[in-house]
Protein chains: 2
Amino acid sequence: MTLKIKDVAEHAGVSVATVSRVLNNSDSVKPDTFQKVMAVIEEMGYKPNAIARSLKVKNTKTIGIMIPDISSHFYPEVVRGIEDVANMYEYNVVLCNTDLKREKELKYLDVLTEKQSDGIIYMSNIITDQLADSFQNLKIPVVLISSEYEELPTVLIDNVAASNEMVKYLIQKGHKRIGMIAGQRNDYIAGISRVKGYYKALEEAGIPLEESLLVYGNYRFKSGYEGGKKLLTQENRPTAIFCASDEMALGVIRAATELKLSMPTDLAVAGFDNIDMAEKICPSLTTIAQPMYEMGAVGMRLLTKILNKETIQQSKVILNYALIEREST
Amino acid sequence: MTLKIKDVAEHAGVSVATVSRVLNNSDSVKPDTFQKVMAVIEEMGYKPNAIARSLKVKNTKTIGIMIPDISSHFYPEVVRGIEDVANMYEYNVVLCNTDLKREKELKYLDVLTEKQSDGIIYMSNIITDQLADSFQNLKIPVVLISSEYEELPTVLIDNVAASNEMVKYLIQKGHKRIGMIAGQRNDYIAGISRVKGYYKALEEAGIPLEESLLVYGNYRFKSGYEGGKKLLTQENRPTAIFCASDEMALGVIRAATELKLSMPTDLAVAGFDNIDMAEKICPSLTTIAQPMYEMGAVGMRLLTKILNKETIQQSKVILNYALIEREST
DNA sequence: TTGTACGCGTTATCAT
DNA sequence: ATGATAACGCGTACAA
């Protein structure tokens, strides 16, 4: 049987109330008794039971992180940002991989609720109405990262502007036939928005759109590889390819290498995200840097504010991105 | 105020005991009443309070994962394996990034204890005696992954054999001057063991050891890059370099590229781990595949067995590795 | 098969 | 400044 507050109280010759007081150094307790109780706690190696405490105080200092898959790039860095500031505010994080499966999401929402999590951070670009419904019915606050849904608090970058800037940059480099490997069509943030920026840049430059230059992927390497093969084997191939994710850009680089195209002379490749590998591979990758760590940190900070019932001036936080020029263009 | 079991009981016209029974479908409850109670639960949208439950049943269905840094390669995949089987057994995981800092480790150990975690999975190659002490004093079970400490249960691969095999492979390829970028000197698993395998292979082939061909790094890209520069700029440079991690191998590839060496003709490079990028970069990387997902899954499975007090036949699980030949050699 | 009542380990209110 | 005690929401003997 593990030690309880009562055992400490008896050994110290005080009441449990007093022990509780020194534990939370609340109220006023005479310095003498404080010392005495502290000594006994040390000596016995007593550790308070946070579960019992939570039952009483109605918070658990625990939040849930819902992401598609921790083993996919982009997320670990964000999660690290979340955990670091969670840590500063004495929160723990429980990790939930949803694989974007509806049942898993709902199941986790249930479990997190039942375990009385104080809040939830949800990440992944696609939010269905049904899921949003569940969020609304939740009694615990939710913060979105790189997602958007009506009035829910969120932190992200301006995806349209970022992709627009990247395509403009490619145009300035002299490219006229610019292909794009886009994200998913039902993904407002990383899918639709980035295509929008691409279209906008071409229009502004007076370059006609060509349907055959736009293919869709799912952000993963394989889809980039396949999309790259498709774009590069057609007659009159593009001289530059812009990808909605770095992983897909790596796929394009591999495809180009197999086709004996050298970069950036034969082909320019640009990505999106700036995952850590972007600067490590050869050729290193020109890309849009999303402040991943910061997105996590800011998202968690926002959540703590909500949990503390502080007034938040803006519930949609737009972070800065940056175009990073490297060897691939 | 949120719903309690009592509210359900009143609405259903039964006692709280009965409601509790249908919730845990324990004991025997008449099908009629079962249905009735279930209906009320549904209708009211009642969700049990897992905290109160935990206080009573003395388990939380939550385990802690302690790793150095989720944003460093290798870990996300392992964590995914852990989470998947944790999920199967209805456990949740709380993620703890320790940065290998002693105070953070101890702090997390405390918090996990106070929050009554059912178990802990600890990952990171270096375990000090002091930390092991804390483990021993812990009342909750610990499983190690890719670590080793006396009798603590663990899952890992045979690092000596794996590195030995890789170096032998390089020798068979005709290399005589083989450099190595090793891990840390105080790291028994990924540091010392892999050097041991390297030495062994050289000795077995009758190749004399040369001190200048062995440099130490810390598994990260930068240390690989610097080590690579060092090895490749010395007179009579090695024709092959074996790295104790893929990240360091990527560093070597970058260094070699900058020195205008082409792979594998001028230089062969081999890594260790088989992180997902290993097959995506150019040249793709020859490496030792550690079954990362499986290591996590098996580790968690081991923990559930311990938690269920099942008898475990072996507390040290050695998993299979594989040498994967790719373009870099 | 169902209900009553106690206990899980805390915190917080109200006295003293 | 300190102590007694009632919650917190649930599971489970023990009774019925």
# chains A, B, ... in the order shown; residues from 1 in each chain; ligands from 1

call {"tool": "residues_around", "arguments": {"residues": "DA13 of chain D", "least_positions_apart": "2", "cutoff": "10 Å", "atoms": "only C-alpha atoms (C1' of nucleotides)", "output": "list in words"}}
result
DA5 and DC6 of chain C; DG11 and DA15 of chain D

call {"tool": "residues_around", "arguments": {"residues": "DT2 of chain D", "least_positions_apart": "6", "cutoff": "12 Å", "atoms": "only C-alpha atoms (C1' of nucleotides)", "output": "tab-separated table (two decimals) with all heavy atoms, in the first residue's frame"}}
result
chain	number	residue	atom	x	y	z
A	13	GLY	N	2.19	14.41	13.48
A	13	GLY	CA	1.39	14.87	14.60
A	13	GLY	C	0.54	16.08	14.29
A	13	GLY	O	0.35	16.96	15.12
A	14	VAL	N	0.07	16.13	13.04
A	14	VAL	CA	-0.83	17.23	12.67
A	14	VAL	C	-2.04	16.63	11.94
A	14	VAL	O	-2.13	15.42	11.79
A	14	VAL	CB	-0.13	18.23	11.73
A	14	VAL	CG1	1.05	18.89	12.44
A	14	VAL	CG2	0.33	17.53	10.46
A	15	SER	N	-2.92	17.48	11.50
A	15	SER	CA	-4.09	16.98	10.77
A	15	SER	C	-3.80	16.91	9.28
A	15	SER	O	-2.86	17.54	8.79
A	15	SER	CB	-5.27	17.90	11.00
A	15	SER	OG	-5.09	19.09	10.26
A	16	VAL	N	-4.61	16.14	8.59
A	16	VAL	CA	-4.42	16.04	7.14
A	16	VAL	C	-4.58	17.40	6.47
A	16	VAL	O	-3.92	17.71	5.49
A	16	VAL	CB	-5.43	15.05	6.51
A	16	VAL	CG1	-5.18	13.65	7.01
A	16	VAL	CG2	-6.85	15.48	6.78
A	17	ALA	N	-5.44	18.21	7.03
A	17	ALA	CA	-5.66	19.54	6.46
A	17	ALA	C	-4.35	20.31	6.43
A	17	ALA	O	-4.00	20.93	5.43
A	17	ALA	CB	-6.70	20.28	7.28
A	18	THR	N	-3.63	20.23	7.50
A	18	THR	CA	-2.35	20.95	7.57
A	18	THR	C	-1.36	20.43	6.55
A	18	THR	O	-0.69	21.20	5.86
A	18	THR	CB	-1.75	20.84	8.98
A	18	THR	OG1	-2.69	21.34	9.92
A	18	THR	CG2	-0.46	21.62	9.07
A	19	VAL	N	-1.29	19.13	6.44
A	19	VAL	CA	-0.37	18.55	5.45
A	19	VAL	C	-0.75	19.04	4.06
A	19	VAL	O	0.10	19.46	3.28
A	19	VAL	CB	-0.41	17.01	5.49
A	19	VAL	CG1	0.49	16.45	4.40
A	19	VAL	CG2	0.01	16.51	6.85
A	20	SER	N	-2.03	18.99	3.77
A	20	SER	CA	-2.49	19.46	2.46
A	20	SER	C	-2.08	20.91	2.26
A	20	SER	O	-1.67	21.29	1.16
A	20	SER	CB	-4.01	19.33	2.38
A	20	SER	OG	-4.49	19.91	1.20
A	21	ARG	N	-2.17	21.68	3.31
A	21	ARG	CA	-1.81	23.09	3.18
A	21	ARG	C	-0.33	23.27	2.85
A	21	ARG	O	0.02	24.09	2.00
A	21	ARG	CB	-2.17	23.83	4.46
A	21	ARG	CG	-3.65	24.21	4.51
A	21	ARG	CD	-3.97	25.15	5.67
A	21	ARG	NE	-4.37	24.44	6.87
A	21	ARG	CZ	-5.63	24.30	7.28
A	21	ARG	NH1	-6.62	24.85	6.59
A	21	ARG	NH2	-5.92	23.63	8.36
A	27	ASP	N	-2.95	29.04	2.10
A	27	ASP	CA	-3.29	29.57	3.42
A	27	ASP	C	-2.01	29.91	4.19
A	27	ASP	O	-0.94	30.01	3.63
A	27	ASP	CB	-4.11	28.56	4.22
A	27	ASP	CG	-5.51	28.40	3.65
A	27	ASP	OD1	-5.72	28.85	2.50
A	27	ASP	OD2	-6.36	27.83	4.32
A	28	SER	N	-2.17	30.06	5.44
A	28	SER	CA	-0.97	30.34	6.22
A	28	SER	C	-0.73	29.19	7.20
A	28	SER	O	-1.66	28.71	7.84
A	28	SER	CB	-1.14	31.65	6.99
A	28	SER	OG	-2.46	31.78	7.46
A	29	VAL	N	0.46	28.72	7.23
A	29	VAL	CA	0.81	27.68	8.18
A	29	VAL	C	2.10	28.12	8.86
A	29	VAL	O	3.02	28.64	8.22
A	29	VAL	CB	0.96	26.31	7.49
A	29	VAL	CG1	1.28	26.48	6.03
A	29	VAL	CG2	2.00	25.45	8.16
A	30	LYS	N	2.15	27.94	10.15
A	30	LYS	CA	3.28	28.41	10.95
A	30	LYS	C	4.58	27.81	10.41
A	30	LYS	O	4.65	26.61	10.14
A	30	LYS	CB	3.08	28.03	12.42
A	30	LYS	CG	4.01	28.79	13.36
A	30	LYS	CD	3.51	28.74	14.80
A	30	LYS	CE	3.52	27.32	15.35
A	30	LYS	NZ	3.14	27.28	16.79
A	33	THR	N	5.69	24.41	11.90
A	33	THR	CA	4.99	23.22	11.45
A	33	THR	C	5.27	22.93	9.99
A	33	THR	O	5.37	21.78	9.58
A	33	THR	CB	3.47	23.38	11.65
A	33	THR	OG1	3.07	24.63	11.11
A	33	THR	CG2	3.12	23.31	13.14
A	34	PHE	N	5.42	23.97	9.22
A	34	PHE	CA	5.74	23.78	7.80
A	34	PHE	C	7.01	22.94	7.67
A	34	PHE	O	7.05	21.92	6.97
A	34	PHE	CB	5.93	25.13	7.12
A	34	PHE	CG	6.15	25.04	5.65
A	34	PHE	CD1	5.10	25.17	4.76
A	34	PHE	CD2	7.43	24.80	5.12
A	34	PHE	CE1	5.31	25.08	3.39
A	34	PHE	CE2	7.65	24.71	3.76
A	34	PHE	CZ	6.58	24.84	2.89
C	15	DA	P	-19.85	27.61	10.73
C	15	DA	OP1	-21.30	27.39	10.66
C	15	DA	OP2	-19.31	28.97	10.45
C	15	DA	O5'	-19.32	27.18	12.16
C	15	DA	C5'	-17.95	27.19	12.36
C	15	DA	C4'	-17.50	25.99	13.17
C	15	DA	O4'	-16.31	25.45	12.57
C	15	DA	C3'	-17.13	26.39	14.59
C	15	DA	O3'	-17.35	25.33	15.51
C	15	DA	C2'	-15.66	26.73	14.47
C	15	DA	C1'	-15.17	25.87	13.31
C	15	DA	N9	-14.31	26.64	12.40
C	15	DA	C8	-14.68	27.67	11.56
C	15	DA	N7	-13.67	28.18	10.88
C	15	DA	C5	-12.58	27.43	11.31
C	15	DA	C6	-11.22	27.47	10.97
C	15	DA	N6	-10.71	28.33	10.09
C	15	DA	N1	-10.40	26.60	11.58
C	15	DA	C2	-10.90	25.74	12.47
C	15	DA	N3	-12.15	25.59	12.86
C	15	DA	C4	-12.95	26.48	12.24
C	16	DT	P	-17.31	25.72	17.08
C	16	DT	OP1	-17.98	24.61	17.78
C	16	DT	OP2	-17.80	27.12	17.18
C	16	DT	O5'	-15.77	25.71	17.46
C	16	DT	C5'	-15.04	24.49	17.38
C	16	DT	C4'	-13.57	24.75	17.63
C	16	DT	O4'	-13.00	25.46	16.49
C	16	DT	C3'	-13.29	25.63	18.87
C	16	DT	O3'	-12.35	24.97	19.69
C	16	DT	C2'	-12.70	26.91	18.29
C	16	DT	C1'	-12.09	26.40	16.99
C	16	DT	N1	-11.88	27.43	15.94
C	16	DT	C2	-10.63	27.53	15.35
C	16	DT	O2	-9.70	26.81	15.66
C	16	DT	N3	-10.53	28.50	14.40
C	16	DT	C4	-11.54	29.37	13.96
C	16	DT	O4	-11.33	30.20	13.10
C	16	DT	C5	-12.80	29.21	14.63
C	16	DT	C7	-13.94	30.10	14.27
C	16	DT	C6	-12.93	28.26	15.59

call {"tool": "residues_around", "arguments": {"residues": "segment 130-140 of chain B", "least_positions_apart": "4", "cutoff": "12 Å", "atoms": "only C-alpha atoms (C1' of nucleotides)", "output": "VMD selection string"}}
result
(chain A and resid 1 to 3 45 47) or (chain B and resid 59 to 60 62 to 64 100 to 122 124 126 144 147 to 153 303 306 to 307)

call {"tool": "select_by_dssp", "arguments": {"residues": "segment 131-329 of chain A", "states": "strand (DSSP E or B)", "output": "ChimeraX atom specification"}}
result
/A:142-145,154-157,178-182,214-216,240-243,268-273,286-289,316-319,322-324

call {"tool": "write_last_selection", "arguments": {"atoms": "C-alpha atoms", "output": "mmCIF file, in the first residue's frame"}}
result
data_model
loop_
_atom_site.group_PDB
_atom_site.id
_atom_site.type_symbol
_atom_site.label_atom_id
_atom_site.label_comp_id
_atom_site.auth_asym_id
_atom_site.auth_seq_id
_atom_site.Cartn_x
_atom_site.Cartn_y
_atom_site.Cartn_z
ATOM 1 C CA VAL A 142 -10.065 23.002 -28.540
ATOM 2 C CA VAL A 143 -7.276 24.788 -30.374
ATOM 3 C CA LEU A 144 -6.564 24.071 -34.021
ATOM 4 C CA ILE A 145 -3.160 24.135 -35.639
ATOM 5 C CA THR A 154 -6.370 28.410 -34.576
ATOM 6 C CA VAL A 155 -2.795 29.140 -35.531
ATOM 7 C CA LEU A 156 -1.511 28.928 -39.081
ATOM 8 C CA ILE A 157 0.286 30.793 -41.817
ATOM 9 C CA ILE A 178 5.770 25.763 -63.916
ATOM 10 C CA GLY A 179 4.168 22.546 -62.770
ATOM 11 C CA MET A 180 2.558 21.970 -59.424
ATOM 12 C CA ILE A 181 1.967 18.930 -57.297
ATOM 13 C CA ALA A 182 -0.851 19.930 -55.044
ATOM 14 C CA LEU A 214 -1.253 20.515 -62.180
ATOM 15 C CA VAL A 215 -1.431 17.111 -60.521
ATOM 16 C CA TYR A 216 -2.701 16.140 -57.122
ATOM 17 C CA ALA A 240 10.100 24.028 -62.591
ATOM 18 C CA ILE A 241 7.864 22.100 -60.211
ATOM 19 C CA PHE A 242 6.345 23.504 -57.047
ATOM 20 C CA CYS A 243 5.156 20.992 -54.476
ATOM 21 C CA ALA A 268 13.976 23.584 -60.535
ATOM 22 C CA VAL A 269 12.157 22.023 -57.601
ATOM 23 C CA ALA A 270 10.508 23.865 -54.724
ATOM 24 C CA GLY A 271 8.792 22.474 -51.667
ATOM 25 C CA PHE A 272 6.670 23.595 -48.767
ATOM 26 C CA ASP A 273 7.145 23.200 -44.978
ATOM 27 C CA THR A 286 14.193 25.623 -51.792
ATOM 28 C CA THR A 287 11.018 25.800 -49.786
ATOM 29 C CA ILE A 288 8.533 27.787 -47.740
ATOM 30 C CA ALA A 289 9.471 27.571 -44.079
ATOM 31 C CA LYS A 316 -6.889 33.296 -35.197
ATOM 32 C CA VAL A 317 -3.150 33.671 -35.083
ATOM 33 C CA ILE A 318 -1.370 34.090 -38.405
ATOM 34 C CA LEU A 319 2.333 33.335 -38.151
ATOM 35 C CA ALA A 322 9.687 32.574 -45.096
ATOM 36 C CA LEU A 323 10.907 31.617 -48.534
ATOM 37 C CA ILE A 324 14.218 29.837 -48.188
#

call {"tool": "interface_residues", "arguments": {"of": "chain B", "to": "chain A", "cutoff": "8 Å", "atoms": "only C-alpha atoms", "output": "ChimeraX atom specification"}}
result
/B:47-52,54-55,69-71,76-77,79-80,83,92-97,113-116,221,250-251,254,257,280-282

call {"tool": "closest_residue", "arguments": {"among": "A:Ala201, A:Met292, A:Val167, A:Val195", "to": "Thr329 of chain A", "atoms": "only C-alpha atoms"}}
result
A:Val167

call {"tool": "interface_residues", "arguments": {"of": "chain C", "to": "chain B", "cutoff": "8 Å", "atoms": "only C-alpha atoms (C1' of nucleotides)", "output": "PyMOL selection string"}}
result
chain C and resi 1-3+8-9
